[in-house]
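The file protein_15.txt comes next; it holds compact mmCIF, C-alpha atoms.
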# COMPACT_ATOMS: atom_id res chain seq x y z
CA MET A 7 -8.36 22.73 20.26
CA ALA A 8 -10.16 20.10 18.20
CA ARG A 9 -8.71 19.42 14.77
CA ALA A 10 -10.75 20.47 11.77
CA ASP A 11 -12.50 17.74 9.81
CA VAL A 12 -11.23 19.31 6.61
CA ASP A 13 -7.49 19.80 6.19
CA PRO A 14 -7.22 23.59 5.77
CA GLN A 15 -3.96 23.43 3.78
CA ILE A 16 -5.32 21.02 1.21
CA PHE A 17 -8.64 22.84 1.01
CA ASP A 18 -6.95 26.25 0.54
CA ARG A 19 -4.64 24.84 -2.12
CA LEU A 20 -7.54 23.36 -4.08
CA GLN A 21 -9.57 26.52 -3.64
CA ARG A 22 -6.69 28.63 -4.96
CA ALA A 23 -6.15 26.25 -7.87
CA MET A 24 -9.82 26.50 -8.78
CA ALA A 25 -10.24 30.20 -8.02
CA ALA A 26 -11.36 30.86 -11.58
CA ASP A 27 -14.04 28.19 -11.30
CA PRO A 28 -15.70 28.32 -7.86
CA GLN A 29 -18.61 26.24 -9.13
CA GLY A 30 -16.05 23.59 -10.13
CA LEU A 31 -14.87 23.43 -6.53
CA ALA A 32 -18.44 22.94 -5.30
CA ASP A 33 -18.98 20.29 -7.99
CA LEU A 34 -15.79 18.48 -6.94
CA TYR A 35 -16.82 18.33 -3.29
CA ARG A 36 -20.41 17.40 -4.13
CA GLU A 37 -19.10 14.57 -6.26
CA TYR A 38 -16.84 13.53 -3.40
CA LEU A 39 -19.71 13.53 -0.89
CA THR A 40 -22.05 11.69 -3.28
CA ASP A 41 -19.43 9.04 -3.92
CA ALA A 42 -18.49 8.84 -0.23
CA ARG A 43 -22.15 8.28 0.78
CA ARG A 44 -22.42 5.49 -1.77
CA LYS A 45 -19.19 3.97 -0.49
CA LEU A 46 -20.41 4.24 3.09
CA GLY A 47 -23.50 2.24 2.07
CA GLU A 48 -21.21 -0.40 0.59
CA LEU A 49 -19.14 -0.45 3.78
CA GLU A 50 -22.30 -1.03 5.82
CA GLU A 51 -23.35 -3.80 3.45
CA ALA A 52 -19.92 -5.45 3.75
CA LEU A 53 -20.22 -5.16 7.53
CA LEU A 54 -23.60 -6.92 7.48
CA GLN A 55 -22.17 -9.68 5.32
CA ASN A 56 -19.05 -9.89 7.46
CA ASN A 57 -17.02 -9.55 4.28
CA GLU A 58 -13.53 -8.47 5.39
CA GLU A 59 -12.10 -8.18 1.90
CA GLN A 60 -14.87 -5.84 0.78
CA LEU A 61 -14.50 -3.82 3.97
CA ARG A 62 -10.80 -3.30 3.23
CA THR A 63 -11.39 -2.54 -0.46
CA HIS A 64 -14.14 0.03 0.16
CA ALA A 65 -12.22 1.64 3.03
CA HIS A 66 -9.12 1.94 0.83
CA TYR A 67 -11.10 3.51 -2.00
CA LEU A 68 -12.78 6.08 0.24
CA LYS A 69 -9.48 6.82 1.95
CA GLY A 70 -7.90 7.76 -1.40
CA SER A 71 -10.45 10.39 -2.41
CA SER A 72 -10.61 11.69 1.17
CA GLN A 73 -6.85 12.19 1.29
CA ILE A 74 -6.71 14.06 -2.00
CA THR A 75 -9.61 16.35 -1.13
CA GLY A 76 -8.41 16.99 2.42
CA MET A 77 -11.17 15.14 4.27
CA ARG A 78 -8.71 14.39 7.00
CA ARG A 79 -10.83 12.67 9.61
CA VAL A 80 -12.72 10.50 7.11
CA ALA A 81 -9.34 9.43 5.68
CA GLU A 82 -7.99 8.62 9.14
CA TRP A 83 -10.96 6.42 10.08
CA CYS A 84 -10.88 4.72 6.69
CA ALA A 85 -7.18 3.99 7.17
CA GLU A 86 -7.94 2.43 10.53
CA LEU A 87 -10.79 0.40 9.07
CA GLU A 88 -8.64 -0.76 6.16
CA LEU A 89 -5.90 -1.83 8.53
CA ALA A 90 -8.25 -3.65 10.90
CA GLY A 91 -10.42 -5.25 8.24
CA GLY A 92 -12.67 -7.40 10.38
CA ALA A 93 -9.98 -8.08 12.99
CA GLY A 94 -11.06 -7.22 16.50
CA GLY A 95 -14.58 -8.51 16.02
CA ALA A 96 -17.89 -7.20 14.79
CA ASP A 97 -18.21 -4.63 17.59
CA LYS A 98 -14.95 -2.93 16.71
CA THR A 99 -15.67 -3.00 12.98
CA THR A 100 -19.16 -1.61 13.53
CA LYS A 101 -17.70 1.19 15.63
CA LEU A 102 -15.14 2.03 12.94
CA VAL A 103 -17.82 2.20 10.23
CA GLN A 104 -19.88 4.45 12.52
CA GLU A 105 -16.82 6.68 12.98
CA VAL A 106 -16.44 6.95 9.19
CA ALA A 107 -20.12 7.93 8.93
CA ALA A 108 -19.81 10.51 11.71
CA ALA A 109 -16.64 11.96 10.16
CA LEU A 110 -18.41 12.20 6.82
CA ASP A 111 -21.34 14.07 8.40
CA ALA A 112 -18.94 16.47 10.10
CA ALA A 113 -16.96 16.98 6.88
CA GLN A 114 -20.16 17.73 4.98
CA GLN A 115 -21.16 20.32 7.57
CA GLU A 116 -17.76 21.99 7.38
CA LEU A 117 -17.76 21.91 3.58
CA THR A 118 -21.21 23.49 3.53
CA GLN A 119 -19.85 26.33 5.66
CA ARG A 120 -16.75 26.75 3.52
CA VAL A 121 -18.16 26.27 0.02
CA GLY A 122 -21.91 26.62 0.32
CA LYS A 123 -25.03 24.45 0.10
CA ASP A 124 -24.13 23.40 -3.43
CA VAL A 125 -21.82 20.73 -2.03
CA VAL A 126 -24.69 18.79 -0.45
CA PRO A 127 -25.63 15.81 -2.63
CA ALA A 128 -29.24 15.52 -3.74
CA GLY A 129 -31.22 14.01 -0.87
CA GLY A 130 -28.18 13.90 1.37
CA THR A 131 -28.07 16.13 4.41
CA ALA A 132 -25.65 16.00 7.26
CA ALA A 133 -26.98 14.23 10.30
CA MET B 11 -0.87 12.01 -17.12
CA ILE B 12 -2.96 10.78 -14.19
CA ALA B 13 -3.91 7.15 -13.61
CA ASP B 14 -6.31 6.55 -10.71
CA ASP B 15 -9.56 4.60 -10.60
CA HIS B 16 -11.22 7.27 -8.50
CA PRO B 17 -12.79 10.12 -10.54
CA VAL B 18 -12.68 12.52 -7.59
CA VAL B 19 -8.95 11.89 -7.19
CA ARG B 20 -8.34 12.53 -10.89
CA VAL B 21 -10.39 15.75 -10.88
CA GLY B 22 -8.72 16.98 -7.69
CA LEU B 23 -5.22 16.27 -8.99
CA ARG B 24 -5.94 17.70 -12.43
CA ASN B 25 -7.25 20.97 -11.02
CA MET B 26 -4.39 21.26 -8.61
CA LEU B 27 -1.74 20.52 -11.23
CA GLN B 28 -3.21 22.75 -13.89
CA ALA B 29 -2.87 25.70 -11.55
CA ASP B 30 0.85 25.24 -12.13
CA THR B 31 1.74 26.90 -15.43
CA LEU B 32 4.55 24.42 -16.06
CA VAL B 33 2.22 21.41 -15.95
CA GLN B 34 -0.30 20.29 -18.52
CA VAL B 35 -2.44 17.21 -17.93
CA VAL B 36 -2.55 15.33 -21.24
CA GLY B 37 -4.56 12.29 -20.24
CA GLU B 38 -6.38 10.39 -17.52
CA ALA B 39 -6.80 6.67 -17.01
CA ARG B 40 -9.06 4.59 -14.75
CA ASP B 41 -6.88 1.49 -14.58
CA GLY B 42 -3.43 0.19 -15.42
CA ALA B 43 -4.33 -1.08 -18.88
CA GLU B 44 -5.83 2.25 -19.90
CA ALA B 45 -2.76 4.01 -18.47
CA LEU B 46 -0.44 1.89 -20.63
CA ASN B 47 -2.47 2.67 -23.76
CA ILE B 48 -2.38 6.41 -23.11
CA VAL B 49 1.34 6.37 -22.27
CA ARG B 50 2.01 4.56 -25.56
CA THR B 51 0.03 7.06 -27.61
CA THR B 52 0.80 10.37 -25.89
CA THR B 53 4.24 9.67 -24.32
CA PRO B 54 3.74 12.06 -21.40
CA ASP B 55 6.78 13.31 -19.48
CA ILE B 56 5.26 12.12 -16.21
CA LEU B 57 2.85 9.32 -15.34
CA LEU B 58 1.15 9.67 -11.95
CA LEU B 59 0.27 6.10 -11.14
CA ASP B 60 -2.01 4.86 -8.37
CA LEU B 61 -0.95 1.41 -7.21
CA ALA B 62 -4.36 0.10 -6.18
CA MET B 63 -6.49 0.02 -9.32
CA PRO B 64 -8.92 -2.54 -10.72
CA LYS B 65 -8.29 -4.66 -13.83
CA MET B 66 -4.56 -3.99 -14.00
CA PRO B 67 -3.04 -2.68 -10.75
CA GLY B 68 -0.43 0.07 -10.94
CA MET B 69 2.48 -2.20 -10.05
CA GLU B 70 1.63 -4.49 -12.95
CA ALA B 71 1.44 -1.53 -15.32
CA LEU B 72 4.80 -0.34 -14.04
CA ARG B 73 6.28 -3.80 -14.61
CA GLU B 74 4.94 -3.74 -18.15
CA LEU B 75 6.44 -0.30 -18.75
CA THR B 76 9.92 -1.52 -17.76
CA THR B 77 9.86 -3.83 -20.79
CA GLU B 78 9.23 -0.91 -23.14
CA THR B 79 11.39 1.94 -24.36
CA THR B 80 9.70 5.07 -23.10
CA ASN B 81 10.78 8.49 -21.91
CA THR B 82 7.84 8.67 -19.52
CA ARG B 83 8.91 8.88 -15.89
CA THR B 84 6.58 7.34 -13.33
CA ILE B 85 5.62 8.81 -9.97
CA VAL B 86 3.72 6.39 -7.78
CA LEU B 87 0.73 7.60 -5.78
CA THR B 88 -0.05 5.54 -2.73
CA GLY B 89 -2.39 5.74 0.23
CA MET B 90 0.02 4.30 2.78
CA VAL B 91 3.71 3.73 3.46
CA ASP B 92 4.37 0.12 2.52
CA LYS B 93 8.14 -0.21 2.34
CA ARG B 94 7.99 -3.44 0.37
CA GLN B 95 5.77 -1.79 -2.22
CA ILE B 96 7.97 1.30 -2.38
CA LEU B 97 11.08 -0.82 -2.84
CA GLU B 98 9.40 -2.84 -5.58
CA ALA B 99 8.21 0.31 -7.36
CA LEU B 100 11.70 1.83 -7.29
CA GLN B 101 13.21 -1.41 -8.53
CA LEU B 102 10.72 -1.33 -11.40
CA GLY B 103 11.88 2.14 -12.36
CA ALA B 104 9.53 4.51 -10.53
CA ARG B 105 11.21 7.90 -10.05
CA GLY B 106 9.15 9.11 -7.14
CA VAL B 107 6.66 8.02 -4.49
CA VAL B 108 4.07 10.44 -3.11
CA LEU B 109 1.52 9.70 -0.41
CA LYS B 110 -1.98 10.75 -1.36
CA ASP B 111 -2.46 12.84 1.76
CA ALA B 112 0.75 14.71 0.91
CA ALA B 113 0.00 14.99 -2.81
CA VAL B 114 -1.44 18.49 -2.66
CA GLU B 115 1.60 19.71 -0.76
CA HIS B 116 4.39 17.81 -2.53
CA LEU B 117 3.29 16.74 -5.97
CA ALA B 118 4.34 19.85 -7.88
CA ALA B 119 7.79 19.83 -6.26
CA CYS B 120 8.08 16.10 -6.87
CA ILE B 121 7.26 16.51 -10.56
CA ARG B 122 9.85 19.27 -10.91
CA ALA B 123 12.51 17.18 -9.15
CA VAL B 124 11.78 14.13 -11.30
CA MET B 125 11.86 16.25 -14.47
CA GLN B 126 15.33 17.41 -13.40
CA GLY B 127 16.46 13.80 -13.19
CA GLN B 128 16.16 13.39 -9.43
CA TYR B 129 14.29 10.80 -7.41
CA TRP B 130 11.66 11.74 -4.81
CA LEU B 131 10.79 9.90 -1.62
CA ASP B 132 9.51 10.78 1.87
CA GLY B 133 8.52 14.27 0.77
CA ARG B 134 11.94 15.33 -0.53
CA PRO B 135 14.41 14.72 -3.35
CA VAL B 136 16.63 11.68 -2.85
CA GLN B 137 20.35 12.43 -2.75
CA ASN B 138 21.62 8.87 -2.69
CA LEU B 139 19.30 6.34 -4.31
CA VAL B 140 21.68 3.43 -3.74
CA GLN B 141 21.64 4.10 0.00
CA VAL B 142 17.84 4.40 -0.01
CA LEU B 143 17.50 1.08 -1.82
CA ARG B 144 19.98 -0.52 0.57
CA ASP B 145 18.05 0.78 3.60
CA LEU B 146 14.69 -0.30 2.20
CA THR B 147 16.06 -3.74 1.38
CA ALA B 148 17.38 -4.10 4.93
CA GLN B 149 14.10 -2.89 6.43
CA THR B 150 11.96 -5.23 4.37
CA ALA B 151 14.15 -8.34 4.68
CA PRO B 152 12.68 -11.10 6.85
CA PRO B 153 14.30 -11.36 10.31
CA PRO B 154 17.21 -13.80 10.40
CA ARG B 155 16.28 -17.30 11.45
CA LYS B 156 17.31 -18.15 15.01
CA THR B 157 19.48 -21.23 14.93
CA PHE B 158 20.03 -21.94 18.66
CA GLY B 159 23.66 -22.83 17.93
CA LEU B 160 22.78 -25.56 15.44
CA THR B 161 25.10 -26.08 12.48
CA VAL B 162 23.83 -25.92 8.91
CA ARG B 163 23.80 -29.74 8.70
CA GLU B 164 21.96 -30.04 12.02
CA LEU B 165 19.32 -27.58 10.79
CA GLU B 166 18.89 -29.69 7.67
CA VAL B 167 18.45 -32.79 9.82
CA VAL B 168 15.82 -30.97 11.91
CA THR B 169 13.89 -30.10 8.75
CA LEU B 170 13.83 -33.72 7.61
CA ILE B 171 12.78 -34.90 11.07
CA THR B 172 9.78 -32.58 10.96
CA GLU B 173 8.88 -34.10 7.59
CA GLY B 174 8.75 -37.52 9.25
CA CYS B 175 11.97 -38.94 7.78
CA THR B 176 13.66 -41.86 9.51
CA ASN B 177 17.39 -41.94 10.31
CA LYS B 178 17.80 -44.21 7.31
CA ASP B 179 16.04 -41.68 5.03
CA ILE B 180 18.19 -38.85 6.34
CA ALA B 181 21.38 -40.87 5.90
CA LYS B 182 20.39 -41.64 2.32
CA THR B 183 19.44 -38.02 1.54
CA PHE B 184 22.79 -36.68 2.67
CA GLY B 185 24.95 -39.67 1.72
CA ILE B 186 26.11 -40.22 5.31
CA SER B 187 25.91 -43.18 7.69
CA GLU B 188 23.03 -43.75 10.13
CA GLU B 189 25.58 -43.51 12.94
CA THR B 190 26.43 -39.97 11.84
CA VAL B 191 22.73 -39.10 11.75
CA LYS B 192 22.38 -40.40 15.33
CA ARG B 193 25.35 -38.28 16.39
CA HIS B 194 23.73 -35.21 14.79
CA LEU B 195 20.48 -35.98 16.62
CA THR B 196 22.21 -36.33 19.98
CA ASN B 197 23.90 -32.96 19.47
CA ILE B 198 20.60 -31.37 18.38
CA PHE B 199 18.70 -32.76 21.40
CA ASN B 200 21.40 -31.44 23.74
CA LYS B 201 21.50 -27.97 22.16
CA LEU B 202 17.73 -27.54 22.14
CA GLY B 203 16.97 -29.33 25.41
CA VAL B 204 14.44 -31.71 23.85
CA GLY B 205 14.14 -35.43 24.55
CA ASN B 206 12.70 -37.03 21.43
CA ARG B 207 11.81 -36.51 17.77
CA LEU B 208 8.27 -35.30 18.49
CA GLU B 209 9.50 -32.65 20.94
CA LEU B 210 12.12 -31.67 18.37
CA ALA B 211 9.50 -31.26 15.63
CA LEU B 212 7.29 -29.14 17.89
CA PHE B 213 10.26 -27.01 18.96
CA ALA B 214 11.23 -26.46 15.33
CA LEU B 215 7.71 -25.40 14.38
CA ASN B 216 7.25 -23.13 17.38
CA HIS B 217 10.64 -21.45 17.00
CA ASN B 218 10.63 -20.97 13.23
CA LEU B 219 13.61 -23.26 12.73
CA LEU B 220 12.40 -24.50 9.37
CA PRO B 221 13.65 -22.94 6.13
CA SER B 222 11.29 -21.92 3.32
CA GLU B 223 13.14 -24.27 0.93
CA PRO B 224 13.61 -27.97 1.84
CA PRO B 225 17.20 -29.23 2.08
CA THR B 226 18.66 -31.25 -0.78
CA ALA B 227 21.51 -33.70 -0.98
CA ALA B 228 23.53 -31.10 -2.88
CA THR B 229 23.69 -28.92 0.24
CA THR B 230 26.89 -29.46 2.18

Write out the structure in this file as structure tokens.
Amino acid sequence: MARADVDPQIFDRLQRAMAADPQGLADLYREYLTDARRKLGELEEALLQNNEEQLRTHAHYLKGSSQITGMRRVAEWCAELELAGGAGGADKTTKLVQEVAAALDAAQQELTQRVGKDVVPAGGTAA
Amino acid sequence: MIADDHPVVRVGLRNMLQADTLVQVVGEARDGAEALNIVRTTTPDILLLDLAMPKMPGMEALRELTTETTNTRTIVLTGMVDKRQILEALQLGARGVVLKDAAVEHLAACIRAVMQGQYWLDGRPVQNLVQVLRDLTAQTAPPPRKTFGLTVRELEVVTLITEGCTNKDIAKTFGISEETVKRHLTNIFNKLGVGNRLELALFALNHNLLPSEPPTAATT
């Protein structure tokens, strides 16, 4: 069975913690997705500029918020990207950034199912 | 108190922690410098400190805190297991280390353990900190240098050869005769299976025979 894009344990824990404020949960995940989309843009920019340091920095940053919010697959690809930096060549790095983007789309779809359409950032729909 | 440059991380942690009736979040900081200011003014029981932050990284803030008298106990939040970093954080007085992807599961238990005077590592309370520090030190120490049967003096001679020193220079450095230097070189060539100084220098470079510190005449 394929693993969920969202870590159910972390999600359930956050949902329980914010049970009194369901809108707060939607706001938290919308903020995560908005920030993650912006960070993905910065990753793509760093890739174009072949800037390994920026690639690592952005991947590390996105990994942190993904881990805390339970965006398991995004965090895993970011960890791999952070570790690789630009090592392995442009093809590998491009593929890793694409994997982050795909994981983010999948996470957004799953979050929409779990929390509702409120999590979708303005102008940002899952691919 | 929570110190992390990422707003989503701070909001997520705050909400999670505040669900625990024993925990109250008294402050949030975006970088190490802000964290230090808030610790100084509010003296929280616990500082949750991210290591990778702009302006002043968490490790630097932790180092600064060790110079101050404070009752605040620090728990380090990190995105990956870096044993060197964990060792350094513990040596600087951190009381616990929690991985971010395990924070939701372990943080409350970690805070309780640290408040009871325990240390927390690898998702559980530490029973024997001295042993943990010993193990981490052993795991993070550089591998021992291979010496290929060379004596300490012969290794020192090899180092000077790679720096381009003549036999006369080496003799002067160590206060020995040139004849003794030649004897050392013959022994070194035989042990390493090299035929001349250039081969010796290449062997030394390729086999990591050179120390990080250059030899001095005081070494015996």

(request) To one decimal in Å, tell me the separation between atom CA of A:Ser71 and atom CA of A:Ala25. (result)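 A separation of 20.6 Å between them.
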
(message) Set the distance at 10 Å and use only C-alpha atoms: which residues neighbour B:Thr161 once local chain neighbours fewer than 6 positions away are removed? I'd like the list as a list in words.
(response)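 Residues near the query, excluding close chain neighbours: Val167, His194, Asn197 and Ile198 of chain B.
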
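Pairwise distance (atom CA of B:Val49, atom CA of B:Glu70) equals 14.3 Å.
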
For stretch 27-129 of chain A against stretch 16-38 of chain B, with a cut-off of 8 Å and counting only C-alpha atoms, what is the closest atom pair and its distance in Å to one decimal for every residue that makes the cut, ordered by chain and number, as CSV?
residue,atom,partner,partner_atom,distance
A:Leu34,CA,B:Val18,CA,6.8
A:Glu37,CA,B:Val18,CA,6.9
A:Tyr38,CA,B:Val18,CA,6.0
A:Tyr67,CA,B:His16,CA,7.5
A:Gly70,CA,B:Val19,CA,7.2
A:Ser71,CA,B:Val19,CA,5.2
A:Ile74,CA,B:Val19,CA,6.1
A:Thr75,CA,B:Gly22,CA,6.7

Generate the output file for the selected residues, C-alpha atoms, as a PDB file, in the coordinates of the input.
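Full text of selection.pdb as output:
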ATOM      1  CA  LEU A  34     -15.790  18.480  -6.940  1.00  0.00           C
ATOM      2  CA  GLU A  37     -19.100  14.570  -6.260  1.00  0.00           C
ATOM      3  CA  TYR A  38     -16.840  13.530  -3.400  1.00  0.00           C
ATOM      4  CA  TYR A  67     -11.100   3.510  -2.000  1.00  0.00           C
ATOM      5  CA  GLY A  70      -7.900   7.760  -1.400  1.00  0.00           C
ATOM      6  CA  SER A  71     -10.450  10.390  -2.410  1.00  0.00           C
ATOM      7  CA  ILE A  74      -6.710  14.060  -2.000  1.00  0.00           C
ATOM      8  CA  THR A  75      -9.610  16.350  -1.130  1.00  0.00           C
TER       9      THR A  75
END

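When only C-alpha atoms are used to compute distances to chain A, the closest of the residues B:Ala112, B:Leu210, B:Leu215, B:Leu131 turns out to be B:Ala112.
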
12 Å contacts from chain A to chain B using only C-alpha atoms, as a CSV table (one decimal) with C-alpha atoms, in the coordinates of the input:
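Final output, saved to result_8.csv:
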chain,number,residue,atom,x,y,z
A,12,VAL,CA,-11.2,19.3,6.6
A,13,ASP,CA,-7.5,19.8,6.2
A,14,PRO,CA,-7.2,23.6,5.8
A,15,GLN,CA,-4.0,23.4,3.8
A,16,ILE,CA,-5.3,21.0,1.2
A,17,PHE,CA,-8.6,22.8,1.0
A,18,ASP,CA,-7.0,26.2,0.5
A,19,ARG,CA,-4.6,24.8,-2.1
A,20,LEU,CA,-7.5,23.4,-4.1
A,21,GLN,CA,-9.6,26.5,-3.6
A,22,ARG,CA,-6.7,28.6,-5.0
A,23,ALA,CA,-6.2,26.2,-7.9
A,24,MET,CA,-9.8,26.5,-8.8
A,25,ALA,CA,-10.2,30.2,-8.0
A,26,ALA,CA,-11.4,30.9,-11.6
A,27,ASP,CA,-14.0,28.2,-11.3
A,28,PRO,CA,-15.7,28.3,-7.9
A,30,GLY,CA,-16.0,23.6,-10.1
A,31,LEU,CA,-14.9,23.4,-6.5
A,32,ALA,CA,-18.4,22.9,-5.3
A,33,ASP,CA,-19.0,20.3,-8.0
A,34,LEU,CA,-15.8,18.5,-6.9
A,35,TYR,CA,-16.8,18.3,-3.3
A,36,ARG,CA,-20.4,17.4,-4.1
A,37,GLU,CA,-19.1,14.6,-6.3
A,38,TYR,CA,-16.8,13.5,-3.4
A,39,LEU,CA,-19.7,13.5,-0.9
A,40,THR,CA,-22.0,11.7,-3.3
A,41,ASP,CA,-19.4,9.0,-3.9
A,42,ALA,CA,-18.5,8.8,-0.2
A,45,LYS,CA,-19.2,4.0,-0.5
A,62,ARG,CA,-10.8,-3.3,3.2
A,63,THR,CA,-11.4,-2.5,-0.5
A,64,HIS,CA,-14.1,0.0,0.2
A,65,ALA,CA,-12.2,1.6,3.0
A,66,HIS,CA,-9.1,1.9,0.8
A,67,TYR,CA,-11.1,3.5,-2.0
A,68,LEU,CA,-12.8,6.1,0.2
A,69,LYS,CA,-9.5,6.8,2.0
A,70,GLY,CA,-7.9,7.8,-1.4
A,71,SER,CA,-10.4,10.4,-2.4
A,72,SER,CA,-10.6,11.7,1.2
A,73,GLN,CA,-6.8,12.2,1.3
A,74,ILE,CA,-6.7,14.1,-2.0
A,75,THR,CA,-9.6,16.4,-1.1
A,76,GLY,CA,-8.4,17.0,2.4
A,77,MET,CA,-11.2,15.1,4.3
A,78,ARG,CA,-8.7,14.4,7.0
A,79,ARG,CA,-10.8,12.7,9.6
A,80,VAL,CA,-12.7,10.5,7.1
A,81,ALA,CA,-9.3,9.4,5.7
A,82,GLU,CA,-8.0,8.6,9.1
A,84,CYS,CA,-10.9,4.7,6.7
A,85,ALA,CA,-7.2,4.0,7.2
A,86,GLU,CA,-7.9,2.4,10.5
A,88,GLU,CA,-8.6,-0.8,6.2
A,89,LEU,CA,-5.9,-1.8,8.5

(request) Please check which residues have atoms at most 12 Å from (20.6, -29.2, 18.9) in the file's coordinates, counting all atoms listed in the file, and write them as number ranges by chain. (result) B: 157-168, 192-207, 209-211, 213-214, 219

(message) What's the separation between atom CA of B:Lys93 and atom CA of B:Ala39, in Å to one decimal place?
(response) 25.4 Å

Shell of 9 Å around B:Gln101, all atoms listed in the file, local chain residues under 4 positions omitted, as a short mmCIF file (atom, residue, chain, number, x, y, z; two decimals) with C-alpha atoms, in the coordinates of the input:
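The result, written out as around24.cif:
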data_model
loop_
_atom_site.label_atom_id
_atom_site.label_comp_id
_atom_site.auth_asym_id
_atom_site.auth_seq_id
_atom_site.Cartn_x
_atom_site.Cartn_y
_atom_site.Cartn_z
CA ILE B 96 7.97 1.30 -2.38
CA LEU B 97 11.08 -0.82 -2.84
CA LEU B 143 17.50 1.08 -1.82
#

(request) Skip B:Leu100 itself and residues of its chain fewer than 2 positions away, then list as a PyMOL selection string all residues within 12 Å of it, counting all atoms listed in the file. (result) chain B and resi 69+72-73+76+83-86+93-98+102-107+129-131+136+139-140+142-144+146-147
